[in-house]
Every structure is written in structure tokens, then in C-alpha cells.
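Content type PDB, C-alpha atoms, from the file input-v7.pdb:
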```
ATOM      1  CA  MET A 232      19.245  21.548  11.459
ATOM      2  CA  ASN A 233      15.622  22.156  12.338
ATOM      3  CA  ASP A 234      14.932  24.499   9.411
ATOM      4  CA  ARG A 235      13.680  23.094   6.113
ATOM      5  CA  THR A 236      17.070  22.790   4.421
ATOM      6  CA  LEU A 237      17.730  20.248   1.688
ATOM      7  CA  PRO A 238      20.128  18.252   3.902
ATOM      8  CA  GLY A 239      17.429  18.149   6.575
ATOM      9  CA  ASP A 240      14.768  17.029   4.112
ATOM     10  CA  ILE A 241      17.013  14.283   2.744
ATOM     11  CA  LEU A 242      17.664  13.052   6.274
ATOM     12  CA  ARG A 243      13.913  13.110   6.968
ATOM     13  CA  THR A 244      13.279  10.914   3.936
ATOM     14  CA  VAL A 245      16.042   8.429   4.734
ATOM     15  CA  THR A 246      14.949   8.348   8.389
ATOM     16  CA  TYR A 247      11.368   7.461   7.468
ATOM     17  CA  PHE A 248      12.438   4.443   5.446
ATOM     18  CA  ASP A 249      15.013   3.495   8.063
ATOM     19  CA  LEU A 250      12.046   2.654  10.301
ATOM     20  CA  PHE A 251      11.512  -0.289   7.951
ATOM     21  CA  ALA A 252      15.250  -1.098   7.627
ATOM     22  CA  TYR A 253      14.933   0.025   4.012
ATOM     23  CA  PRO A 254      17.943   1.739   2.371
ATOM     24  CA  VAL A 255      16.936   4.051  -0.477
ATOM     25  CA  THR A 256      18.372   5.007  -3.842
ATOM     26  CA  GLU A 257      19.045   8.532  -5.042
ATOM     27  CA  ASP A 258      15.918   8.357  -7.226
ATOM     28  CA  GLN A 259      13.822   7.251  -4.268
ATOM     29  CA  ILE A 260      15.148  10.050  -2.068
ATOM     30  CA  TYR A 261      14.131  12.521  -4.776
ATOM     31  CA  ALA A 262      10.709  10.928  -5.311
ATOM     32  CA  PHE A 263       9.838  10.834  -1.599
ATOM     33  CA  LEU A 264      11.384  14.189  -0.743
ATOM     34  CA  GLN A 265       8.959  16.566   0.950
ATOM     35  CA  ARG A 266       9.925  19.479  -1.304
ATOM     36  CA  ASN A 267       9.991  19.998  -5.074
ATOM     37  CA  SER A 268      12.256  22.996  -5.667
ATOM     38  CA  VAL A 269      15.347  20.859  -6.259
ATOM     39  CA  THR A 270      16.818  18.661  -8.983
ATOM     40  CA  ARG A 271      18.104  15.108  -8.847
ATOM     41  CA  GLU A 272      21.604  16.531  -9.169
ATOM     42  CA  ASP A 273      20.989  18.638  -6.058
ATOM     43  CA  VAL A 274      19.870  15.529  -4.194
ATOM     44  CA  ARG A 275      22.931  13.559  -5.310
ATOM     45  CA  ASP A 276      25.371  16.302  -4.329
ATOM     46  CA  VAL A 277      23.813  16.917  -0.913
ATOM     47  CA  ALA A 278      23.416  13.198  -0.155
ATOM     48  CA  GLU A 279      27.098  12.651  -0.911
ATOM     49  CA  GLY A 280      27.910  15.583   1.344
ATOM     50  CA  LEU A 281      25.940  13.939   4.154
ATOM     51  CA  VAL A 282      27.952  10.757   3.588
ATOM     52  CA  GLU A 283      31.180  12.728   3.914
ATOM     53  CA  GLU A 284      29.853  14.304   7.132
ATOM     54  CA  GLY A 285      29.105  10.859   8.534
ATOM     55  CA  ARG A 286      25.345  11.415   8.805
ATOM     56  CA  LEU A 287      24.531   9.011   5.974
ATOM     57  CA  ALA A 288      26.290   5.928   4.655
ATOM     58  CA  ARG A 289      26.219   4.522   1.135
ATOM     59  CA  SER A 290      26.737   1.030  -0.230
ATOM     60  CA  GLY A 291      26.508   0.868  -3.997
ATOM     61  CA  GLU A 292      23.381   2.768  -5.004
ATOM     62  CA  TYR A 293      21.758   2.624  -1.563
ATOM     63  CA  TYR A 294      21.821   5.323   1.111
ATOM     64  CA  PHE A 295      20.989   4.692   4.771
ATOM     65  CA  LEU A 296      21.580   6.247   8.180
ATOM     66  CA  ALA A 297      25.198   6.031   9.286
ATOM     67  CA  ASP A 298      24.385   4.045  12.428
ATOM     68  CA  ARG A 299      22.858   1.203  10.403
ATOM     69  CA  PRO A 300      25.237  -1.667   9.472
ATOM     70  CA  ALA A 301      26.512  -1.830   5.903
ATOM     71  CA  SER A 302      24.757  -5.198   5.546
ATOM     72  CA  ALA A 303      21.488  -3.241   5.203
ATOM     73  CA  ALA A 304      22.129  -2.801   1.479
ATOM     74  CA  ALA A 305      22.663  -6.543   0.967
ATOM     75  CA  GLU A 306      19.495  -7.244   2.933
ATOM     76  CA  ARG A 307      17.559  -4.915   0.681
ATOM     77  CA  ARG A 308      18.898  -6.683  -2.415
ATOM     78  CA  ASN A 309      17.789  -9.996  -0.920
ATOM     79  CA  GLY A 310      14.390  -8.453  -0.239
ATOM     80  CA  GLU A 311      14.102  -7.342  -3.852
ATOM     81  CA  ARG A 312      14.835 -10.863  -5.095
ATOM     82  CA  GLU A 313      12.170 -12.298  -2.799
ATOM     83  CA  ALA A 314       9.774  -9.586  -3.970
ATOM     84  CA  GLU A 315      10.304 -10.626  -7.596
ATOM     85  CA  ARG A 316       9.272 -14.164  -6.675
ATOM     86  CA  MET A 317       6.191 -12.989  -4.793
ATOM     87  CA  LEU A 318       5.159 -10.561  -7.526
ATOM     88  CA  THR A 319       5.104 -13.488  -9.949
ATOM     89  CA  ILE A 320       2.746 -15.283  -7.565
ATOM     90  CA  ALA A 321       0.664 -12.112  -7.207
ATOM     91  CA  ARG A 322       0.133 -11.992 -10.973
ATOM     92  CA  SER A 323      -1.115 -15.585 -10.927
ATOM     93  CA  VAL A 324      -3.502 -14.812  -8.067
ATOM     94  CA  ALA A 325      -4.766 -11.735  -9.930
ATOM     95  CA  ARG A 326      -5.535 -13.893 -12.970
ATOM     96  CA  LEU A 327      -7.845 -15.939 -10.751
ATOM     97  CA  MET A 328      -9.375 -12.883  -9.106
ATOM     98  CA  LYS A 329     -10.317 -11.300 -12.434
ATOM     99  CA  ARG A 330     -12.734 -14.183 -12.957
ATOM    100  CA  VAL A 331     -14.641 -13.374  -9.757
ATOM    101  CA  PRO A 332     -17.880 -11.453 -10.409
ATOM    102  CA  PHE A 333     -17.852  -7.674  -9.932
ATOM    103  CA  ILE A 334     -14.087  -7.250  -9.411
ATOM    104  CA  ARG A 335     -12.836  -4.357 -11.540
ATOM    105  CA  ALA A 336      -9.153  -4.068 -10.595
ATOM    106  CA  VAL A 337      -6.511  -5.672  -8.389
ATOM    107  CA  PHE A 338      -3.727  -3.617  -6.787
ATOM    108  CA  ILE A 339      -0.787  -4.641  -4.597
ATOM    109  CA  THR A 340      -0.172  -2.663  -1.412
ATOM    110  CA  GLY A 341       2.121  -2.868   1.617
ATOM    111  CA  SER A 342       5.804  -3.764   1.540
ATOM    112  CA  LEU A 343       5.523  -5.779  -1.669
ATOM    113  CA  SER A 344       4.297  -2.685  -3.532
ATOM    114  CA  LYS A 345       7.708  -1.203  -2.733
ATOM    115  CA  SER A 346       9.444  -4.320  -4.128
ATOM    116  CA  ILE A 347      10.594  -5.576  -0.760
ATOM    117  CA  ALA A 348       9.702  -8.865   0.923
ATOM    118  CA  ASP A 349      10.997 -11.728   3.017
ATOM    119  CA  ARG A 350       9.865 -15.305   3.556
ATOM    120  CA  LYS A 351       7.382 -14.164   6.202
ATOM    121  CA  SER A 352       5.729 -11.525   4.005
ATOM    122  CA  ASP A 353       2.124 -11.693   2.848
ATOM    123  CA  ILE A 354       0.828 -10.483  -0.491
ATOM    124  CA  ASP A 355      -1.488  -7.590   0.356
ATOM    125  CA  PHE A 356      -4.154  -6.790  -2.221
ATOM    126  CA  MET A 357      -6.490  -3.857  -2.693
ATOM    127  CA  ILE A 358      -9.593  -5.010  -4.541
ATOM    128  CA  VAL A 359     -11.623  -2.550  -6.628
ATOM    129  CA  THR A 360     -15.233  -3.649  -7.092
ATOM    130  CA  ALA A 361     -18.310  -2.531  -8.968
ATOM    131  CA  PRO A 362     -20.464  -0.069  -6.963
ATOM    132  CA  GLY A 363     -23.042  -1.787  -4.796
ATOM    133  CA  ARG A 364     -21.244  -5.117  -4.984
ATOM    134  CA  LEU A 365     -18.305  -4.645  -2.599
ATOM    135  CA  TRP A 366     -19.582  -6.828   0.229
ATOM    136  CA  ILE A 367     -20.638  -9.559  -2.172
ATOM    137  CA  VAL A 368     -17.094  -9.618  -3.576
ATOM    138  CA  ARG A 369     -15.560  -9.622  -0.109
ATOM    139  CA  SER A 370     -17.746 -12.553   0.924
ATOM    140  CA  LEU A 371     -16.919 -14.499  -2.251
ATOM    141  CA  LEU A 372     -13.162 -14.032  -1.803
ATOM    142  CA  THR A 373     -13.375 -14.983   1.870
ATOM    143  CA  LEU A 374     -15.213 -18.160   0.874
ATOM    144  CA  ILE A 375     -12.608 -18.953  -1.798
ATOM    145  CA  ARG A 376      -9.769 -18.473   0.688
ATOM    146  CA  LYS A 377     -11.386 -20.724   3.279
ATOM    147  CA  LEU A 378     -12.319 -23.464   0.828
ATOM    148  CA  PHE A 379      -9.168 -23.625  -1.289
ATOM    149  CA  LEU A 380      -6.442 -22.069   0.878
ATOM    150  CA  LEU A 381      -7.614 -23.327   4.273
ATOM    151  CA  GLY A 382      -7.988 -19.728   5.381
ATOM    152  CA  SER A 383      -4.340 -18.848   4.687
ATOM    153  CA  ARG A 384      -3.632 -15.172   3.965
ATOM    154  CA  LYS A 385      -0.036 -15.729   2.851
ATOM    155  CA  TYR A 386      -0.700 -15.183  -0.848
ATOM    156  CA  PHE A 387      -4.276 -13.963  -0.536
ATOM    157  CA  CYS A 388      -4.414 -11.113   1.989
ATOM    158  CA  THR A 389      -7.365  -8.935   0.954
ATOM    159  CA  ASN A 390      -7.964  -6.478   3.769
ATOM    160  CA  TYR A 391      -8.885  -3.477   1.613
ATOM    161  CA  TYR A 392     -11.866  -3.347  -0.735
ATOM    162  CA  VAL A 393     -13.111  -0.204  -2.433
ATOM    163  CA  THR A 394     -15.473   0.974  -5.161
ATOM    164  CA  GLU A 395     -14.639   4.016  -7.267
ATOM    165  CA  ASN A 396     -16.989   6.008  -5.032
ATOM    166  CA  GLY A 397     -14.646   5.231  -2.149
ATOM    167  CA  PHE A 398     -11.361   6.130  -3.858
ATOM    168  CA  PRO A 399     -10.657   9.371  -1.927
ATOM    169  CA  LEU A 400      -8.904   8.291   1.269
ATOM    170  CA  ARG A 401     -10.044   9.705   4.603
ATOM    171  CA  ARG A 402      -6.710   9.455   6.374
ATOM    172  CA  ARG A 403      -4.255  11.966   5.006
ATOM    173  CA  ASN A 404      -0.727  12.042   6.378
ATOM    174  CA  LEU A 405       2.796  11.093   5.322
ATOM    175  CA  TYR A 406       2.228   7.395   6.026
ATOM    176  CA  THR A 407      -0.969   7.129   3.973
ATOM    177  CA  ALA A 408       0.526   9.302   1.225
ATOM    178  CA  ILE A 409       3.474   6.928   0.797
ATOM    179  CA  GLU A 410       1.230   3.868   0.921
ATOM    180  CA  THR A 411      -1.066   5.432  -1.700
ATOM    181  CA  VAL A 412       1.534   6.481  -4.260
ATOM    182  CA  THR A 413       3.322   3.122  -4.075
ATOM    183  CA  VAL A 414       0.217   1.046  -4.871
ATOM    184  CA  LYS A 415       0.943  -1.238  -7.841
ATOM    185  CA  PRO A 416      -1.810  -2.301 -10.243
ATOM    186  CA  VAL A 417      -1.692  -5.913 -11.384
ATOM    187  CA  TRP A 418      -5.030  -6.037 -13.167
ATOM    188  CA  ASP A 419      -6.448  -2.665 -14.144
ATOM    189  CA  ASP A 420      -9.373  -1.411 -16.193
ATOM    190  CA  GLY A 421      -8.390   2.248 -15.797
ATOM    191  CA  SER A 422      -9.095   2.343 -12.071
ATOM    192  CA  PHE A 423      -5.475   2.999 -11.075
ATOM    193  CA  GLU A 424      -5.267   6.368 -12.798
ATOM    194  CA  ARG A 425      -8.625   7.433 -11.341
ATOM    195  CA  PHE A 426      -7.539   6.265  -7.872
ATOM    196  CA  GLN A 427      -4.405   8.393  -8.013
ATOM    197  CA  GLU A 428      -6.266  11.405  -9.447
ATOM    198  CA  GLN A 429      -8.792  11.294  -6.619
ATOM    199  CA  ASN A 430      -5.952  11.187  -4.106
ATOM    200  CA  ALA A 431      -4.000  14.097  -5.533
ATOM    201  CA  TRP A 432      -3.665  15.381  -1.943
ATOM    202  CA  THR A 433      -0.590  13.124  -1.736
ATOM    203  CA  ARG A 434       1.294  15.826  -3.661
ATOM    204  CA  ASP A 435       1.083  18.013  -0.558
ATOM    205  CA  PHE A 436       3.382  15.467   1.114
ATOM    206  CA  LEU A 437       5.292  14.097  -1.891
ATOM    207  CA  PRO A 438       5.393  16.771  -4.612
ATOM    208  CA  ASN A 439       8.005  14.943  -6.724
ATOM    209  CA  MET A 440       6.162  11.637  -6.860
ATOM    210  CA  HIS A 441       4.304  10.688 -10.034
ATOM    211  CA  PRO A 442       2.699   7.249  -9.521
ATOM    212  CA  ALA A 443       2.764   5.015 -12.567
ATOM    213  CA  ALA A 444       1.902   1.434 -13.404
ATOM    214  CA  ASP A 445       4.662  -1.076 -14.123
ATOM    215  CA  PRO A 446       3.869  -2.567 -17.565
ATOM    216  CA  ALA A 447       5.873  -5.707 -16.712
ATOM    217  CA  LEU A 448       3.576  -6.406 -13.760
ATOM    218  CA  LEU A 449       0.229  -5.895 -15.492
ATOM    219  CA  ILE A 450      -1.810  -8.801 -16.780
ATOM    220  CA  ALA A 451      -4.225  -8.486 -19.723
ATOM    221  CA  PRO A 452      -6.883  -5.851 -18.894
ATOM    222  CA  ARG A 453      -9.820  -7.556 -20.583
ATOM    223  CA  HIS A 454     -12.585  -9.002 -18.426
ATOM    224  CA  SER A 455     -12.966 -12.768 -18.587
ATOM    225  CA  LEU A 456     -15.913 -14.398 -20.335
ATOM    226  CA  LEU A 457     -16.644 -16.348 -17.147
ATOM    227  CA  GLN A 458     -16.921 -13.127 -15.160
ATOM    228  CA  ARG A 459     -19.248 -11.490 -17.682
ATOM    229  CA  ILE A 460     -21.569 -14.510 -17.850
ATOM    230  CA  THR A 461     -21.635 -14.978 -14.074
ATOM    231  CA  GLU A 462     -22.431 -11.316 -13.494
ATOM    232  CA  ARG A 463     -25.368 -11.403 -15.903
ATOM    233  CA  LEU A 464     -26.812 -14.428 -14.149
ATOM    234  CA  LEU A 465     -26.305 -12.998 -10.666
ATOM    235  CA  GLU A 466     -27.948  -9.710 -11.628
ATOM    236  CA  LEU A 467     -31.239 -11.623 -11.762
ATOM    237  CA  LEU A 468     -31.051 -11.770  -7.951
ATOM    238  CA  PRO A 469     -31.749  -8.925  -5.459
ATOM    239  CA  LEU A 470     -28.062  -8.061  -5.146
ATOM    240  CA  ASP A 471     -28.468  -4.545  -3.724
ATOM    241  CA  ALA A 472     -30.257  -5.910  -0.675
ATOM    242  CA  ALA A 473     -27.794  -8.793  -0.404
ATOM    243  CA  ASP A 474     -24.816  -6.431  -0.439
ATOM    244  CA  THR A 475     -26.303  -4.291   2.331
ATOM    245  CA  ARG A 476     -27.124  -7.354   4.391
ATOM    246  CA  LEU A 477     -23.598  -8.754   4.030
ATOM    247  CA  MET A 478     -22.155  -5.416   5.148
ATOM    248  CA  GLU A 479     -24.215  -5.573   8.340
ATOM    249  CA  VAL A 480     -23.225  -9.207   8.920
ATOM    250  CA  HIS A 481     -19.548  -8.267   8.705
ATOM    251  CA  ARG A 482     -20.069  -5.261  10.955
ATOM    252  CA  SER A 483     -21.806  -7.369  13.614
ATOM    253  CA  HIS A 484     -19.110 -10.033  13.431
ATOM    254  CA  TRP A 485     -16.208  -7.597  13.846
ATOM    255  CA  MET A 486     -17.901  -5.619  16.597
ATOM    256  CA  ASN A 487     -18.539  -8.865  18.476
ATOM    257  CA  VAL A 488     -14.983 -10.171  18.059
ATOM    258  CA  TYR A 489     -13.485  -6.862  19.214
ATOM    259  CA  ARG A 490     -16.170  -5.871  21.708
ATOM    260  CA  HIS A 491     -13.495  -5.394  24.382
ATOM    261  CA  LEU A 492     -12.112  -2.370  22.486
ATOM    262  CA  ASP A 493     -13.413   1.191  22.763
ATOM    263  CA  LYS A 494     -15.039   3.060  19.866
ATOM    264  CA  GLU A 495     -11.939   5.101  19.087
ATOM    265  CA  ARG A 496      -9.797   1.985  18.687
ATOM    266  CA  LEU A 497     -12.446   0.299  16.551
ATOM    267  CA  ALA A 498     -12.662   3.369  14.320
ATOM    268  CA  SER A 499      -8.911   3.132  13.700
ATOM    269  CA  MET A 500      -9.148  -0.575  12.871
ATOM    270  CA  PHE A 501     -12.142  -0.702  10.528
ATOM    271  CA  ILE A 502     -13.864   1.208   7.766
ATOM    272  CA  ILE A 503     -17.281  -0.289   7.047
ATOM    273  CA  THR A 504     -19.325   1.525   4.400
ATOM    274  CA  PRO A 505     -21.042   0.557   1.124
ATOM    275  CA  ASP A 506     -17.953   1.780  -0.753
ATOM    276  CA  VAL A 507     -15.049   0.839   1.526
ATOM    277  CA  SER A 508     -14.206  -2.245   3.559
ATOM    278  CA  ALA A 509     -10.898  -1.980   5.366
ATOM    279  CA  SER A 510      -9.607  -3.854   8.383
ATOM    280  CA  TRP A 511      -6.315  -3.288  10.177
ATOM    281  CA  PRO A 512      -6.269  -5.406  13.362
ATOM    282  CA  GLU A 513      -2.680  -4.213  13.781
ATOM    283  CA  ASP A 514      -2.827  -0.642  12.516
ATOM    284  CA  ARG A 515       0.773   0.446  11.893
ATOM    285  CA  GLN A 516       0.007   4.042  10.984
ATOM    286  CA  VAL A 517       0.083   5.681  14.426
ATOM    287  CA  PRO A 518       3.087   3.692  15.751
ATOM    288  CA  VAL A 519       5.110   4.428  12.602
ATOM    289  CA  LEU A 520       4.390   8.157  12.627
ATOM    290  CA  THR A 521       5.050   8.346  16.369
ATOM    291  CA  ARG A 522       8.434   6.645  15.994
ATOM    292  CA  TYR A 523       9.239   8.808  12.986
ATOM    293  CA  HIS A 524       8.641  12.065  14.831
ATOM    294  CA  GLU A 525      10.541  10.800  17.864
ATOM    295  CA  ARG A 526      13.521  10.026  15.634
ATOM    296  CA  LEU A 527      13.341  13.454  14.007
ATOM    297  CA  THR A 528      13.269  15.135  17.402
ATOM    298  CA  ALA A 529      16.293  13.139  18.563
ATOM    299  CA  MET A 530      18.148  14.165  15.390
ATOM    300  CA  GLY A 531      17.222  17.832  15.758
ATOM    301  CA  LEU A 532      15.118  17.722  12.598
ATOM    302  CA  HIS A 533      11.618  18.329  13.903
TER     303      HIS A 533
END
```
As C-alpha cells, what does this structure read like?
Amino acid sequence: MNDRTLPGDILRTVTYFDLFAYPVTEDQIYAFLQRNSVTREDVRDVAEGLVEEGRLARSGEYYFLADRPASAAAERRNGEREAERMLTIARSVARLMKRVPFIRAVFITGSLSKSIADRKSDIDFMIVTAPGRLWIVRSLLTLIRKLFLLGSRKYFCTNYYVTENGFPLRRRNLYTAIETVTVKPVWDDGSFERFQEQNAWTRDFLPNMHPAADPALLIAPRHSLLQRITERLLELLPLDAADTRLMEVHRSHWMNVYRHLDKERLASMFIITPDVSASWPEDRQVPVLTRYHERLTAMGLH
């Protein structure tokens, strides 16, 4: 089954999420399918056929590879309950973040953006900042985390900062496409729609996916009075120069900490520009895609 048949594409989708021990619903199979010339009814009929063939298994609404234990569905339900708890915390954290000068939006990324979590999970945030103020914001949030959270990243993991000028993502593959379309806005001033529009390349990988905000997750969009007043006062200072200087301080720090790594590895771990600050000390992208393609080859689906 190495041609692009619908059964093969459904197996490809389920196999990708199986890497994360994540059973998927019929709607999710359709949304993440790498083709768009089918209907949900087609997906349901073919998925059920794959269950009858013994290539997929189903428990309730969840489909997963047949060699995964049936407990996978129960584990996903447990993960969804934990995610609900953590999303409530994320909304509270976002309410604090919206008071920080020059923050324009707060998004959730990672596993929590897919409504899955366990007790070891962090809350991963993408922070959208005003242009020319990204490194000031990053420094302020780092200071807040160290002073009030003793450096803990559990509920305050902010490894990705971006201005609107940095919305278009450089890395474009199935992994980054899925991570992009599953981003969840918690506080949004219109940035989410612009972020998705500027990453319309994801449709090349996921033509059925139409990213949308969850109204139940969003907090009030208005900017706080404290933020507006603080920004006006800070604008009296030479902030452009300060932002550039802070970027170079961060660059020097990271390059010193990871000086034992070669340039190629560093380039995969960090993005350091005026419009993007991203750090992935444990970049999962390459390992995930490598394992994915190995699994497809073993299944005769490559």
C-alpha cells in the first residue's frame, strides 16, 4: 500500500499521532489527513474497514494502531481531563502576562494545544510582542519567572517569542505544520488570524485543517490599563537600543553555554533575530520525523 490511497493516508495520519501515544477521532483523522478530495463519510467508512482488516483498532470514538493496547483510549481521556485543568491555569497565567508591557498576544503550543497533558507536562506559551520590543519582553518574563516562580517552567514555559514581522515560519514540514495549526490563542488582539494567514503553507501538508480559536479558552481581548501606562512611561527610554543589546546578551549567553556544539546543531536549537526568539535545547522535530518515516517504511506506506 505504497500508493496514495485513502486507506494509506488514514494509516499515515494515525501512525504520526501514534508516535505520541495519541489515539485520534474520526474528525481528527479528517482534519490531519494529507489529502482533501474526500468527505468525512469516506474517512469513517475506510477507517472502519481498516478496523475490520485488523490494521486499526477502535475504542469508543478513538482510533489507534492495532498493535497498541486498548487502554490507549482511556489514557487519552485521562490526558484530556488533565489538559482541562492545565488550560484553566494557562488562562490565569495569560491574565498576568497581558499586564506585561509590549505583549500583544499569548498562544498555547505543544501537547497542551492538542488538549493532552499529564502531571509532568509543562504549559508551553508562544508570546507575541510589539515590534522592536521582543527581547525586552523576554527579559521581563525571565525576571518574573526567576523572582516569583523560583525559575520553574512548569506553568510558565516561554521558549518562543515572535513579533508580527516574524510570523512566517522558516521550518516547513509535517511536524511544524501540525504544531502551527494546533496553536491555541488564550489572549488575542487579532494576532492569531494573521499568524495563521502568514503560515498558509500548512495547507500544503494539511489541506482539510482550518485553524480556529476556542471561544471558551479566550480571555478578554482588551489591553490592561497598567500595560498602557507602563508602556508610555518606558517609551521615554532608548528602548530600541536596549532591545538590540538584550538580544546580543542572550546570544552570547547561549553560545557560551552550548559552546561544545557545532554550528549546525546550534542553528537547529536557536533562532535569534529582532523578530524571533526560539530555543529548543531538546529539538524534537528531526527525531519525530525520522521515526515517522521509519514506521511508514516498515508498514509499506512510504
Report the residues retrieved by the PyMOL selection byres ((chain A and resi 372) around 12) from the displayed file, expressed as a ChimeraX atom specification.
-> /A:324-325,327-334,356,358,360,365-371,373-380,382-384,387-392
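Note on the selection: in this file the PyMOL selection byres ((chain A and resi 434) around 12) comes out as A:Ala262, A:Phe263, A:Leu264, A:Gln265, A:Arg266, A:Asn267, A:Arg403, A:Asn404, A:Leu405, A:Thr407, A:Ala408, A:Ile409, A:Thr411, A:Val412, A:Gln427, A:Glu428, A:Gln429, A:Asn430, A:Ala431, A:Trp432, A:Thr433, A:Asp435, A:Phe436, A:Leu437, A:Pro438, A:Asn439, A:Met440, A:His441, A:Pro442.
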Run through the PyMOL selection byres ((chain A and resi 446) around 12) on the given coordinates and return the selected residues as number ranges by chain.
-> A: 415-419, 443-445, 447-452
Using only C-alpha atoms, can you list as a PyMOL selection string the residues within 10 Å of (12.8, 10.6, 5.0)?
-> chain A and resi 239-250+255+259-260+263-265+523+527
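Atom pair CA of Phe501 in chain A / CA of Lys345 in chain A has a distance of 23.9 Å (rounded to one decimal).
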What is the distance between CA of Met478 in chain A and CA of Ser510 in chain A, in Å to one decimal?
-> 13.1 Å
Can you sort out range 345-371 of chain A so it carries N, CA and C atoms, written as a CSV table (one decimal), in the coordinates of the input?
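Saved result, result_15.csv, follows:
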```csv
chain,number,residue,atom,x,y,z
A,345,LYS,N,6.4,-1.9,-2.7
A,345,LYS,CA,7.7,-1.2,-2.7
A,345,LYS,C,8.8,-2.1,-3.1
A,346,SER,N,8.5,-3.3,-3.7
A,346,SER,CA,9.4,-4.3,-4.1
A,346,SER,C,10.4,-4.8,-3.0
A,347,ILE,N,9.8,-5.0,-1.9
A,347,ILE,CA,10.6,-5.6,-0.8
A,347,ILE,C,9.8,-6.7,-0.1
A,348,ALA,N,10.4,-7.8,0.3
A,348,ALA,CA,9.7,-8.9,0.9
A,348,ALA,C,10.7,-9.8,1.6
A,349,ASP,N,10.2,-10.6,2.5
A,349,ASP,CA,11.0,-11.7,3.0
A,349,ASP,C,10.1,-13.0,3.1
A,350,ARG,N,10.6,-14.1,3.6
A,350,ARG,CA,9.9,-15.3,3.6
A,350,ARG,C,8.6,-15.3,4.4
A,351,LYS,N,8.5,-14.3,5.3
A,351,LYS,CA,7.4,-14.2,6.2
A,351,LYS,C,6.3,-13.2,5.6
A,352,SER,N,6.6,-12.5,4.5
A,352,SER,CA,5.7,-11.5,4.0
A,352,SER,C,4.5,-12.1,3.4
A,353,ASP,N,3.4,-11.4,3.5
A,353,ASP,CA,2.1,-11.7,2.8
A,353,ASP,C,2.1,-10.9,1.5
A,354,ILE,N,1.1,-11.3,0.7
A,354,ILE,CA,0.8,-10.5,-0.5
A,354,ILE,C,-0.5,-9.7,-0.2
A,355,ASP,N,-0.3,-8.4,0.0
A,355,ASP,CA,-1.5,-7.6,0.4
A,355,ASP,C,-2.1,-7.0,-0.9
A,356,PHE,N,-3.4,-7.3,-1.0
A,356,PHE,CA,-4.2,-6.8,-2.2
A,356,PHE,C,-5.2,-5.7,-1.8
A,357,MET,N,-5.3,-4.8,-2.7
A,357,MET,CA,-6.5,-3.9,-2.7
A,357,MET,C,-7.4,-4.3,-3.8
A,358,ILE,N,-8.6,-4.5,-3.5
A,358,ILE,CA,-9.6,-5.0,-4.5
A,358,ILE,C,-10.6,-3.9,-4.9
A,359,VAL,N,-10.7,-3.5,-6.2
A,359,VAL,CA,-11.6,-2.6,-6.6
A,359,VAL,C,-12.8,-3.3,-7.2
A,360,THR,N,-14.0,-2.9,-6.7
A,360,THR,CA,-15.2,-3.6,-7.1
A,360,THR,C,-16.2,-2.7,-7.8
A,361,ALA,N,-17.2,-3.3,-8.4
A,361,ALA,CA,-18.3,-2.5,-9.0
A,361,ALA,C,-19.1,-1.9,-7.8
A,362,PRO,N,-19.7,-0.7,-8.0
A,362,PRO,CA,-20.5,-0.1,-7.0
A,362,PRO,C,-21.6,-1.0,-6.6
A,363,GLY,N,-21.9,-1.0,-5.3
A,363,GLY,CA,-23.0,-1.8,-4.8
A,363,GLY,C,-22.8,-3.3,-4.7
A,364,ARG,N,-21.5,-3.7,-5.0
A,364,ARG,CA,-21.2,-5.1,-5.0
A,364,ARG,C,-20.0,-5.4,-4.1
A,365,LEU,N,-19.5,-4.5,-3.4
A,365,LEU,CA,-18.3,-4.6,-2.6
A,365,LEU,C,-18.4,-5.8,-1.6
A,366,TRP,N,-19.5,-5.8,-0.8
A,366,TRP,CA,-19.6,-6.8,0.2
A,366,TRP,C,-19.9,-8.2,-0.3
A,367,ILE,N,-20.5,-8.3,-1.5
A,367,ILE,CA,-20.6,-9.6,-2.2
A,367,ILE,C,-19.3,-10.1,-2.6
A,368,VAL,N,-18.4,-9.2,-3.2
A,368,VAL,CA,-17.1,-9.6,-3.6
A,368,VAL,C,-16.3,-10.1,-2.4
A,369,ARG,N,-16.3,-9.3,-1.3
A,369,ARG,CA,-15.6,-9.6,-0.1
A,369,ARG,C,-16.0,-11.0,0.4
A,370,SER,N,-17.3,-11.3,0.4
A,370,SER,CA,-17.7,-12.6,0.9
A,370,SER,C,-17.3,-13.7,0.0
A,371,LEU,N,-17.3,-13.5,-1.3
A,371,LEU,CA,-16.9,-14.5,-2.3
A,371,LEU,C,-15.4,-14.8,-2.1
```
